[in-house]
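Structure, as structure tokens:
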Amino acid sequence: MSKKSFLAVERNLVLSAIDRRLFGSFIEHLGRAVYTGIFQEGHPSSDEDGFRKDVLELVRELDVPIVRYPGGNFVSNFFWEDSVGPLSERKPRLDLAWRTLETNRIGLDEFCRWAGKAGTDVMMAVNLGTRGISDACNLLEYCNVDASSRYASMRRRNGHADPYGIKLWCLGNEMDGPWQHGHKTAYEYGRLAAETAKAMKGLDPSIELVSCGSSNANMPTYPEWERITLSETYDLVDYISMHLYFGSERLDDMPSFLANSREMDDFIRTVTSACDYVKAVKRSPKTMNISFDEWNVWYHAKAHDDDKMANDPWTVAPPLLEDIYNFADALVVGTMLITLLKHADRVKVACLAQLVNVIAPIMTSKDGKAWRQTIFHPFRDASAFTSGGKVMYPISHGSRYSSKYFENVDTVESVAVLSGDEEIVTILAVNRDMEDTVELEVDLRSFGDKASVVFQSEMAGFSLDQVNGEDAEIVHPSQVRTAKVNGGKIVIPLKKTSWNVIRVQVG
């Protein structure tokens, strides 16, 4: 075993506490995310409200603390009033973003009920594409205000006496994108977002607001978009958003595809630099943090989706964006989770996009059951084992490789998290090497010399194109006992192309 990697964990070098919302997700009115996803009347697993209990169980297993809703591109033509009130009075509406027919059978009130059953909070987005300030305030009033006012009274008439108290709000979605209905220049959006923020915080000062950032790092306006929009919104919002999907661009070279998270790391560093530039210009004591509220791998179903939307529009809940993820995708998702954790000092909210059926960790069969995709497992592990902890300052070195698209890639991507009681150190690690086991040595001597491994699992030994399905969830982690303890050091053999979790008792 010639390849080695080293990770030092120093007790006093804490990078940041982890905001639990780092493990959020996303439900958009898109494809089968809602209909035959979270909701399906008449399904054997559905409860009295029509929500699929098999899906609810898997969402609770992921322990998702917050879910962004209702979009996404969908929100830029969302008329929220259509989605509330008596079902018999709700009118279908054409969804311009995905060229489907939205029945409004499930709307704002039903989604809030589902979120309560799932044990998650709602992150609400407002329409700043085809609508604006007054509609954003009306929606906020409906959700959060307890008064004898028009929209608060509407909520009560609809059977919801108490306000929902939604605390996190997105000021539109991807407004830098020409694909977005109501697309705006950076200055136009910055002014609209600033005035909307003033009005919304005047209505409910307790809320937090997310300003739209660049939709991806290849946008021609990036990172000027951040500089210009934040020049208007900096003192009024709490986060700027980031979105990033890894497609098929580097699939011609698998070592590069497995190194995609390098781009995510560079993207975060650039956006934080843009934020800090505006902070310096304004001489502000405030530090702008990030809501990375869309991220994932997304490329499997795009050809089908383009054909469906072009040639068979205006149908209800057609299968769209139903990527079936393989083991290689799970490894990339694992490195993206590690990257988000490494930036937990600035990334406070993140949403895996999406949650069910649409580029999702959970899939459902309309006539069958729900199951876990390959990417379910690294997300579940990171959420279960690091949420509420403290990310330790990353001190690592070891073997590297160069690929077609990247230079000097760490063979092992890893991060260490100290639990809240400071008695457990959790190491998450991905070995990108496609040929060899790599030995990871973790130095924990700053905690003393009595470290002991209390849990270890690995997801390894699968072909990179292996997928899970309704009848067989083949790709999943297995508990192992291969780590060796040597005083205050732990030596762990990481199998080739593997996702690993190691938990060490140090207290």
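We name chains A, B, ... following the order of the structure tokens; residues begin at 1 in each chain, and ligands are numbered from 1 as shown.
By only C-alpha atoms, and with residues fewer than 2 positions from Leu321 (chain A) along its chain excluded, the set lying at most 6 Å from it is A:Ala301, A:Asp323, A:Val358, A:Ile359.
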Those selected residues, please, written with N, CA and C atoms and delivered as an mmCIF file, in the first residue's frame.
```cif
data_model
loop_
_atom_site.group_PDB
_atom_site.id
_atom_site.type_symbol
_atom_site.label_atom_id
_atom_site.label_comp_id
_atom_site.auth_asym_id
_atom_site.auth_seq_id
_atom_site.Cartn_x
_atom_site.Cartn_y
_atom_site.Cartn_z
ATOM 1 N N ALA A 301 -31.110 12.488 -17.288
ATOM 2 C CA ALA A 301 -32.415 12.495 -17.958
ATOM 3 C C ALA A 301 -32.624 13.690 -18.879
ATOM 4 N N ASP A 323 -33.338 11.559 -12.809
ATOM 5 C CA ASP A 323 -32.015 10.957 -12.896
ATOM 6 C C ASP A 323 -31.937 9.711 -12.022
ATOM 7 N N VAL A 358 -37.344 14.042 -8.513
ATOM 8 C CA VAL A 358 -36.693 15.011 -9.389
ATOM 9 C C VAL A 358 -35.252 15.199 -8.910
ATOM 10 N N ILE A 359 -34.274 14.707 -9.703
ATOM 11 C CA ILE A 359 -32.859 14.712 -9.304
ATOM 12 C C ILE A 359 -32.732 14.529 -7.786
#
```
> Among region 76-199 of chain A, which residues carry a DSSP assignment of alpha helix (DSSP H), reported as a ChimeraX atom specification?
Replying inline: /A:108-118,133-144,150-157,186-199
>> Give me, as a ChimeraX atom specification, the residues of region 21-133 of chain A that a backbone DSSP run labels strand (DSSP E or B).
In response: /A:24-26,35,39,46,51-52,66-69,93-95,100-102,121-126
>> Calculated over only C-alpha atoms, which of the candidates A:Phe376, A:Phe74, A:Tyr234, A:Trp371 has the smallest distance to Lys198 (chain A)?
In response: A:Tyr234
>> Can you pull out the residues contacting region 203-208 of chain A? Cut-off 7 Å, using only C-alpha atoms, and skip same-chain residues under 5 positions away; I want them as a list of chain:residue names.
In response: A:Lys167, A:Leu168, A:Trp169, A:Val237, A:Asp238
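Across the model, the gap from CA of Leu101 (chain A) to CA of Val75 (chain A) is 14.1 Å.
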